[in-house]
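Structure below is structure.cif: mmCIF, C-alpha atoms.
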```
data_model
#
loop_
_atom_site.group_PDB
_atom_site.id
_atom_site.type_symbol
_atom_site.label_atom_id
_atom_site.label_comp_id
_atom_site.auth_asym_id
_atom_site.auth_seq_id
_atom_site.Cartn_x
_atom_site.Cartn_y
_atom_site.Cartn_z
ATOM 1 C CA MET A 811 40.013 82.015 105.437
ATOM 2 C CA ALA A 812 42.519 79.315 104.568
ATOM 3 C CA HIS A 813 45.739 79.333 106.570
ATOM 4 C CA SER A 814 48.329 81.412 104.678
ATOM 5 C CA HIS A 815 51.013 78.705 104.838
ATOM 6 C CA ASP A 816 48.522 76.234 103.286
ATOM 7 C CA VAL A 817 47.791 78.666 100.449
ATOM 8 C CA ASP A 818 51.512 79.205 99.825
ATOM 9 C CA ARG A 819 52.075 75.450 99.714
ATOM 10 C CA PHE A 820 49.295 74.882 97.194
ATOM 11 C CA ASN A 821 50.581 77.723 95.050
ATOM 12 C CA ARG A 822 53.925 75.899 94.859
ATOM 13 C CA TRP A 823 52.261 72.542 94.103
ATOM 14 C CA ALA A 824 49.909 73.776 91.397
ATOM 15 C CA ALA A 825 51.990 72.966 88.296
ATOM 16 C CA GLY A 826 52.565 69.311 89.223
ATOM 17 C CA TYR A 827 49.489 68.704 91.338
ATOM 18 C CA ASP A 828 47.630 66.481 88.856
ATOM 19 C CA ARG A 829 50.666 64.176 88.497
ATOM 20 C CA HIS A 830 50.939 63.402 92.210
ATOM 21 C CA TRP A 831 50.297 59.789 93.277
ATOM 22 C CA LEU A 832 47.589 60.990 95.668
ATOM 23 C CA GLN A 833 45.407 61.734 92.646
ATOM 24 C CA ARG A 834 45.124 58.061 91.753
ATOM 25 C CA VAL A 835 45.070 56.634 95.266
ATOM 26 C CA VAL A 836 42.911 59.174 97.099
ATOM 27 C CA PHE A 837 41.260 61.750 94.896
ATOM 28 C CA GLU A 838 39.968 59.627 92.026
ATOM 29 C CA PRO A 839 37.902 57.245 94.213
ATOM 30 C CA MET A 840 36.772 60.210 96.294
ATOM 31 C CA GLN A 841 35.645 62.148 93.228
ATOM 32 C CA ARG A 842 33.698 59.155 91.913
ATOM 33 C CA THR A 843 31.927 58.838 95.254
ATOM 34 C CA VAL A 844 31.142 62.564 95.364
ATOM 35 C CA LEU A 845 29.556 62.467 91.919
ATOM 36 C CA GLN A 846 27.586 59.303 92.685
ATOM 37 C CA LEU A 847 26.109 60.761 95.854
ATOM 38 C CA ALA A 848 25.514 64.125 94.170
ATOM 39 C CA ALA A 849 23.477 62.472 91.408
ATOM 40 C CA GLU A 850 21.441 60.573 93.991
ATOM 41 C CA GLN A 851 20.662 63.771 95.872
ATOM 42 C CA VAL A 852 20.112 66.256 93.014
ATOM 43 C CA ALA A 853 19.561 64.536 89.685
ATOM 44 C CA ARG A 854 19.409 67.678 87.515
ATOM 45 C CA PRO A 855 21.358 70.557 89.058
ATOM 46 C CA ASP A 856 21.258 73.914 87.327
ATOM 47 C CA ALA A 857 24.507 75.157 88.883
ATOM 48 C CA ILE A 858 27.423 73.520 90.715
ATOM 49 C CA LEU A 859 30.114 75.169 92.846
ATOM 50 C CA ASP A 860 33.418 73.526 93.843
ATOM 51 C CA VAL A 861 34.947 75.241 96.882
ATOM 52 C CA GLY A 862 38.674 74.536 96.948
ATOM 53 C CA CYS A 863 38.554 73.368 93.346
ATOM 54 C CA GLY A 864 42.309 72.983 92.875
ATOM 55 C CA THR A 865 43.069 72.351 89.204
ATOM 56 C CA GLY A 866 39.401 71.766 88.376
ATOM 57 C CA LYS A 867 39.560 68.014 87.894
ATOM 58 C CA LEU A 868 36.317 67.289 89.761
ATOM 59 C CA LEU A 869 34.445 69.937 87.802
ATOM 60 C CA GLY A 870 35.740 68.403 84.581
ATOM 61 C CA LEU A 871 34.181 65.096 85.626
ATOM 62 C CA ALA A 872 31.004 66.889 86.717
ATOM 63 C CA GLN A 873 30.756 68.426 83.265
ATOM 64 C CA VAL A 874 30.372 64.923 81.823
ATOM 65 C CA ARG A 875 27.905 63.790 84.517
ATOM 66 C CA PHE A 876 25.852 67.033 84.503
ATOM 67 C CA PRO A 877 26.292 68.499 80.996
ATOM 68 C CA ASP A 878 23.565 71.134 81.360
ATOM 69 C CA ALA A 879 24.779 72.614 84.642
ATOM 70 C CA ARG A 880 26.679 75.865 85.093
ATOM 71 C CA LEU A 881 30.037 74.962 86.657
ATOM 72 C CA VAL A 882 32.018 77.291 88.915
ATOM 73 C CA GLY A 883 35.208 76.651 90.872
ATOM 74 C CA VAL A 884 36.878 78.791 93.526
ATOM 75 C CA ASP A 885 40.193 78.310 95.302
ATOM 76 C CA ALA A 886 42.187 80.365 97.785
ATOM 77 C CA ALA A 887 45.447 79.647 95.901
ATOM 78 C CA ILE A 888 45.764 81.821 92.803
ATOM 79 C CA GLU A 889 48.211 79.433 91.115
ATOM 80 C CA MET A 890 45.649 76.626 91.417
ATOM 81 C CA VAL A 891 43.100 78.894 89.755
ATOM 82 C CA ARG A 892 45.513 79.676 86.921
ATOM 83 C CA GLN A 893 46.312 75.983 86.467
ATOM 84 C CA ALA A 894 42.581 75.172 86.389
ATOM 85 C CA GLN A 895 41.982 77.821 83.751
ATOM 86 C CA ALA A 896 44.873 76.478 81.654
ATOM 87 C CA SER A 897 43.619 72.890 82.029
ATOM 88 C CA HIS A 898 40.071 73.793 80.933
ATOM 89 C CA PRO A 899 40.523 76.348 78.136
ATOM 90 C CA GLY A 900 37.124 75.843 76.497
ATOM 91 C CA GLY A 901 35.334 78.320 78.725
ATOM 92 C CA GLY A 902 32.712 75.839 79.910
ATOM 93 C CA ILE A 903 33.861 76.115 83.532
ATOM 94 C CA GLU A 904 34.349 79.375 85.444
ATOM 95 C CA PHE A 905 37.274 79.669 87.864
ATOM 96 C CA GLN A 906 38.161 82.459 90.269
ATOM 97 C CA GLN A 907 40.092 83.070 93.439
ATOM 98 C CA ALA A 908 37.912 83.198 96.538
ATOM 99 C CA LEU A 909 37.789 82.011 100.133
ATOM 100 C CA ALA A 910 35.220 79.602 101.498
ATOM 101 C CA GLU A 911 34.398 82.149 104.195
ATOM 102 C CA ALA A 912 33.615 84.903 101.642
ATOM 103 C CA LEU A 913 31.989 83.413 98.550
ATOM 104 C CA PRO A 914 31.349 86.090 95.896
ATOM 105 C CA PHE A 915 27.916 84.816 94.834
ATOM 106 C CA PRO A 916 24.295 85.773 95.548
ATOM 107 C CA ASN A 917 22.114 83.784 97.908
ATOM 108 C CA ALA A 918 20.608 80.546 96.558
ATOM 109 C CA SER A 919 22.888 80.374 93.498
ATOM 110 C CA PHE A 920 23.852 76.668 93.441
ATOM 111 C CA ASP A 921 22.059 73.323 93.615
ATOM 112 C CA LEU A 922 25.283 71.458 94.435
ATOM 113 C CA ALA A 923 28.419 72.540 96.262
ATOM 114 C CA PHE A 924 31.502 70.334 96.512
ATOM 115 C CA SER A 925 34.442 70.497 98.899
ATOM 116 C CA THR A 926 36.906 67.625 98.787
ATOM 117 C CA MET A 927 39.726 67.429 101.339
ATOM 118 C CA THR A 928 39.661 71.199 101.773
ATOM 119 C CA PHE A 929 37.482 71.660 104.865
ATOM 120 C CA HIS A 930 40.403 70.961 107.222
ATOM 121 C CA HIS A 931 42.337 73.846 105.636
ATOM 122 C CA TRP A 932 39.642 76.433 106.402
ATOM 123 C CA GLN A 933 40.555 78.777 109.213
ATOM 124 C CA ASP A 934 36.894 79.311 110.187
ATOM 125 C CA GLN A 935 34.931 76.162 109.386
ATOM 126 C CA GLY A 936 31.711 77.496 110.872
ATOM 127 C CA LYS A 937 31.819 80.642 108.732
ATOM 128 C CA GLY A 938 32.645 78.614 105.622
ATOM 129 C CA ALA A 939 29.712 76.277 106.320
ATOM 130 C CA ALA A 940 27.426 79.288 106.727
ATOM 131 C CA GLU A 941 28.601 80.712 103.403
ATOM 132 C CA ILE A 942 27.934 77.453 101.591
ATOM 133 C CA GLY A 943 24.509 77.264 103.231
ATOM 134 C CA ARG A 944 23.818 80.802 102.030
ATOM 135 C CA VAL A 945 24.599 80.094 98.376
ATOM 136 C CA LEU A 946 22.694 76.777 98.242
ATOM 137 C CA THR A 947 19.201 76.722 96.759
ATOM 138 C CA PRO A 948 16.414 75.279 98.942
ATOM 139 C CA ARG A 949 16.824 71.892 97.239
ATOM 140 C CA GLY A 950 20.605 72.176 97.273
ATOM 141 C CA ARG A 951 23.170 69.802 98.706
ATOM 142 C CA TRP A 952 26.711 70.338 99.928
ATOM 143 C CA LEU A 953 28.921 67.291 99.234
ATOM 144 C CA LEU A 954 31.661 67.409 101.875
ATOM 145 C CA ALA A 955 34.447 64.822 101.425
ATOM 146 C CA GLU A 956 36.977 64.523 104.240
ATOM 147 C CA PHE A 957 39.060 62.182 106.328
ATOM 148 C CA ALA A 958 36.476 61.035 108.900
ATOM 149 C CA PRO A 959 38.170 58.478 111.151
ATOM 150 C CA THR A 960 36.367 55.471 112.553
ATOM 151 C CA GLY A 961 37.398 52.694 114.919
ATOM 152 C CA PHE A 962 41.027 52.757 116.018
ATOM 153 C CA MET A 963 41.743 55.794 113.831
ATOM 154 C CA LYS A 964 39.442 57.896 115.997
ATOM 155 C CA TYR A 965 41.863 57.361 118.876
ATOM 156 C CA VAL A 966 44.819 58.172 116.618
ATOM 157 C CA ARG A 967 43.094 61.444 115.701
ATOM 158 C CA LYS A 968 42.730 62.327 119.388
ATOM 159 C CA VAL A 969 46.279 61.330 120.333
ATOM 160 C CA LEU A 970 47.805 63.302 117.454
ATOM 161 C CA ARG A 971 45.388 66.179 118.062
ATOM 162 C CA LEU A 972 44.246 66.254 114.456
ATOM 163 C CA HIS A 973 41.259 68.340 115.432
ATOM 164 C CA GLN A 974 40.982 70.017 112.042
ATOM 165 C CA PHE A 975 39.724 66.733 110.595
ATOM 166 C CA ILE A 976 36.092 65.778 110.983
ATOM 167 C CA ASP A 977 34.870 63.777 113.916
ATOM 168 C CA PRO A 978 31.673 62.310 112.408
ATOM 169 C CA ASP A 979 30.071 62.301 115.867
ATOM 170 C CA ASN A 980 30.579 66.060 116.220
ATOM 171 C CA LEU A 981 30.052 67.262 112.650
ATOM 172 C CA GLN A 982 26.456 68.252 113.335
ATOM 173 C CA GLY A 983 27.699 70.623 116.008
ATOM 174 C CA VAL A 984 29.662 72.526 113.344
ATOM 175 C CA LEU A 985 26.761 72.546 110.898
ATOM 176 C CA ALA A 986 23.877 73.411 113.216
ATOM 177 C CA PRO A 987 24.702 77.127 113.689
ATOM 178 C CA ALA A 988 24.619 77.475 109.886
ATOM 179 C CA GLY A 989 21.189 75.832 109.732
ATOM 180 C CA LEU A 990 22.574 72.734 108.024
ATOM 181 C CA GLU A 991 22.343 69.002 108.674
ATOM 182 C CA VAL A 992 23.758 65.759 107.278
ATOM 183 C CA VAL A 993 21.138 63.878 105.260
ATOM 184 C CA ALA A 994 23.310 61.091 103.785
ATOM 185 C CA GLU A 995 26.800 59.650 104.056
ATOM 186 C CA LYS A 996 28.795 57.399 101.741
ATOM 187 C CA ARG A 997 32.176 55.941 102.676
ATOM 188 C CA VAL A 998 34.775 56.091 99.904
ATOM 189 C CA PRO A 999 35.811 52.569 98.810
ATOM 190 C CA GLY A 1000 39.343 51.659 99.813
ATOM 191 C CA LEU A 1001 41.410 54.084 101.890
ATOM 192 C CA SER A 1002 40.602 51.774 104.835
ATOM 193 C CA ARG A 1003 37.140 53.379 104.667
ATOM 194 C CA GLN A 1004 38.486 56.368 106.592
ATOM 195 C CA VAL A 1005 37.196 58.955 104.101
ATOM 196 C CA SER A 1006 33.523 59.888 103.906
ATOM 197 C CA VAL A 1007 31.361 61.987 101.637
ATOM 198 C CA PHE A 1008 28.567 63.732 103.531
ATOM 199 C CA ALA A 1009 25.485 65.124 101.776
ATOM 200 C CA ILE A 1010 24.444 68.215 103.716
ATOM 201 C CA ALA A 1011 21.198 70.156 103.328
ATOM 202 C CA THR A 1012 19.440 73.136 104.872
ATOM 203 C CA ARG A 1013 17.391 72.094 107.881
ATOM 204 C CA PRO A 1014 13.638 72.541 107.475
ATOM 205 C CA ALA A 1015 12.350 75.655 109.216
#
```

Could you render the structure as structure tokens?
Amino acid sequence: MAHSHDVDRFNRWAAGYDRHWLQRVVFEPMQRTVLQLAAEQVARPDAILDVGCGTGKLLGLAQVRFPDARLVGVDAAIEMVRQAQASHPGGGIEFQQALAEALPFPNASFDLAFSTMTFHHWQDQGKGAAEIGRVLTPRGRWLLAEFAPTGFMKYVRKVLRLHQFIDPDNLQGVLAPAGLEVVAEKRVPGLSRQVSVFAIATRPA
């Protein structure tokens, strides 16, 4: 479950979220990298889920890249869901309120799952990872984009106790109990190369 104060904050931000400078500086290059790696991993997905979809911007771009795929977005903040629905009125993308730790979908429903800069907001990252693993098809991939510090920034992370952000060296420890593993990684251009997109798959039995 997302922390309640995080959900409240995103509810307040929803109306102006797409106009924030972070969209251009952080989210746009991240979204391009997510879609590039997604296409490399699963060329023709039948269904795509965005966990922590915000206003649905990434799914809008995915609709262009993967025009035949079913597109679904969930977010813990109801105002983000309402803003996403208002921003995509055509009905081609489904949006609903849901938590990463309790996804309201059957097993093996999606070939791609996205989560961009949301993982650090999850209250139970292990449970959320297990839920995403559950809803992925056998060929599916989870594209996880997060601040993943390297070099000097790894020491900054430790000093500031930013433990909610990914330590790339320890990510597998979070994924393993869910039966998942990292199969590819792409650093997002710019941003001092401190943001990564991980392609995560179900480990072979």

Using the chain letters and numbers from the file, which residues does the PyMOL selection byres ((chain A and resi 861) around 8) grab, as a ChimeraX atom specification?
/A:859-860,862-863,883-885,910,923-925,928

What does the file look like for those residues with C-alpha atoms, as an mmCIF file, in the coordinates of the input?
```cif
data_model
loop_
_atom_site.group_PDB
_atom_site.id
_atom_site.type_symbol
_atom_site.label_atom_id
_atom_site.label_comp_id
_atom_site.auth_asym_id
_atom_site.auth_seq_id
_atom_site.Cartn_x
_atom_site.Cartn_y
_atom_site.Cartn_z
ATOM 1 C CA LEU A 859 30.114 75.169 92.846
ATOM 2 C CA ASP A 860 33.418 73.526 93.843
ATOM 3 C CA GLY A 862 38.674 74.536 96.948
ATOM 4 C CA CYS A 863 38.554 73.368 93.346
ATOM 5 C CA GLY A 883 35.208 76.651 90.872
ATOM 6 C CA VAL A 884 36.878 78.791 93.526
ATOM 7 C CA ASP A 885 40.193 78.310 95.302
ATOM 8 C CA ALA A 910 35.220 79.602 101.498
ATOM 9 C CA ALA A 923 28.419 72.540 96.262
ATOM 10 C CA PHE A 924 31.502 70.334 96.512
ATOM 11 C CA SER A 925 34.442 70.497 98.899
ATOM 12 C CA THR A 928 39.661 71.199 101.773
#
```

Run the PyMOL selection byres ((chain A and resi 917) around 9) against the file shown and list the residues it catches, as an mmCIF file with C-alpha atoms, in the coordinates of the input.
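New file part.cif:
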```cif
data_model
loop_
_atom_site.group_PDB
_atom_site.id
_atom_site.type_symbol
_atom_site.label_atom_id
_atom_site.label_comp_id
_atom_site.auth_asym_id
_atom_site.auth_seq_id
_atom_site.Cartn_x
_atom_site.Cartn_y
_atom_site.Cartn_z
ATOM 1 C CA PHE A 915 27.916 84.816 94.834
ATOM 2 C CA PRO A 916 24.295 85.773 95.548
ATOM 3 C CA ALA A 918 20.608 80.546 96.558
ATOM 4 C CA SER A 919 22.888 80.374 93.498
ATOM 5 C CA PHE A 920 23.852 76.668 93.441
ATOM 6 C CA GLY A 943 24.509 77.264 103.231
ATOM 7 C CA ARG A 944 23.818 80.802 102.030
ATOM 8 C CA VAL A 945 24.599 80.094 98.376
ATOM 9 C CA LEU A 946 22.694 76.777 98.242
ATOM 10 C CA THR A 947 19.201 76.722 96.759
#
```

Nearest candidate to A:Val891 (options A:Gly989, A:Ala853, A:Phe876, A:Val817; using all atoms listed in the file)
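Nearest to A:Val891: A:Val817.
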
Using only C-alpha atoms, which protein or nucleic acid residues come within 10 Å of A:Gln935? Drop anything in the same chain fewer than 3 positions from it, and give the result as a count of residues only.
15

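Going from atom CA of A:Leu847 over to atom CA of A:Ala986, you cover 21.6 Å.
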
Rank A:Leu871, A:Ala955, A:Leu845, A:Val993 by their smallest atom-to-atom distance to A:Thr926, using all atoms listed in the file, and report the top residue only.
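Nearest candidate to A:Thr926 out of A:Leu871, A:Ala955, A:Leu845, A:Val993: A:Ala955.
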
Compile the contact shell of A:Gly902 as a list in words: residues with an atom at most 12 Å away, counting all atoms listed in the file, same-chain residues fewer than 6 positions apart removed.
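Skipping anything fewer than 6 positions along the chain leaves Gly866, Leu869, Gly870, Ala872, Gln873, Val874, Pro877, Asp878, Ala879, Arg880, Leu881, Val882, Gly883, Ala894 and Gln895 of chain A.
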
On this structure, the PyMOL selection byres ((chain A and resi 995-1011) around 6) would catch which residues? List them as a ChimeraX atom specification, sorted by chain and number.
/A:840,951-959,990-994,1012

Output file for the residues above (C-alpha atoms, as a compact mmCIF listing (two decimals), in the coordinates of the input):
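File part_17.txt, as written:
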```txt
# COMPACT_ATOMS: atom_id res chain seq x y z
CA MET A 840 36.77 60.21 96.29
CA ARG A 951 23.17 69.80 98.71
CA TRP A 952 26.71 70.34 99.93
CA LEU A 953 28.92 67.29 99.23
CA LEU A 954 31.66 67.41 101.88
CA ALA A 955 34.45 64.82 101.42
CA GLU A 956 36.98 64.52 104.24
CA PHE A 957 39.06 62.18 106.33
CA ALA A 958 36.48 61.04 108.90
CA PRO A 959 38.17 58.48 111.15
CA LEU A 990 22.57 72.73 108.02
CA GLU A 991 22.34 69.00 108.67
CA VAL A 992 23.76 65.76 107.28
CA VAL A 993 21.14 63.88 105.26
CA ALA A 994 23.31 61.09 103.78
CA THR A 1012 19.44 73.14 104.87
```

Pairwise distance for atom CA of A:Lys867 and atom CA of A:Gly936, rounded to one decimal in Å
26.1 Å

Residues near A:Ala886, anyone? I mean within 6 Å using all atoms listed in the file, not counting same-chain ones fewer than 5 positions away, as a CSV table (one decimal) with C-alpha atoms, in the coordinates of the input.
```csv
chain,number,residue,atom,x,y,z
A,907,GLN,CA,40.1,83.1,93.4
A,908,ALA,CA,37.9,83.2,96.5
A,909,LEU,CA,37.8,82.0,100.1
```

Could you work out how far atom CA of A:Gly950 lies from atom CA of A:Leu868, giving the answer in Å with one decimal?
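We find that atom CA of A:Leu868 and atom CA of A:Gly950 lie 18.1 Å from each other.
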
Min atom-atom distance to A:Leu922 from the set A:Ile888, A:Leu981, A:Ala896, A:Val844, counting all atoms listed in the file, belongs to A:Val844
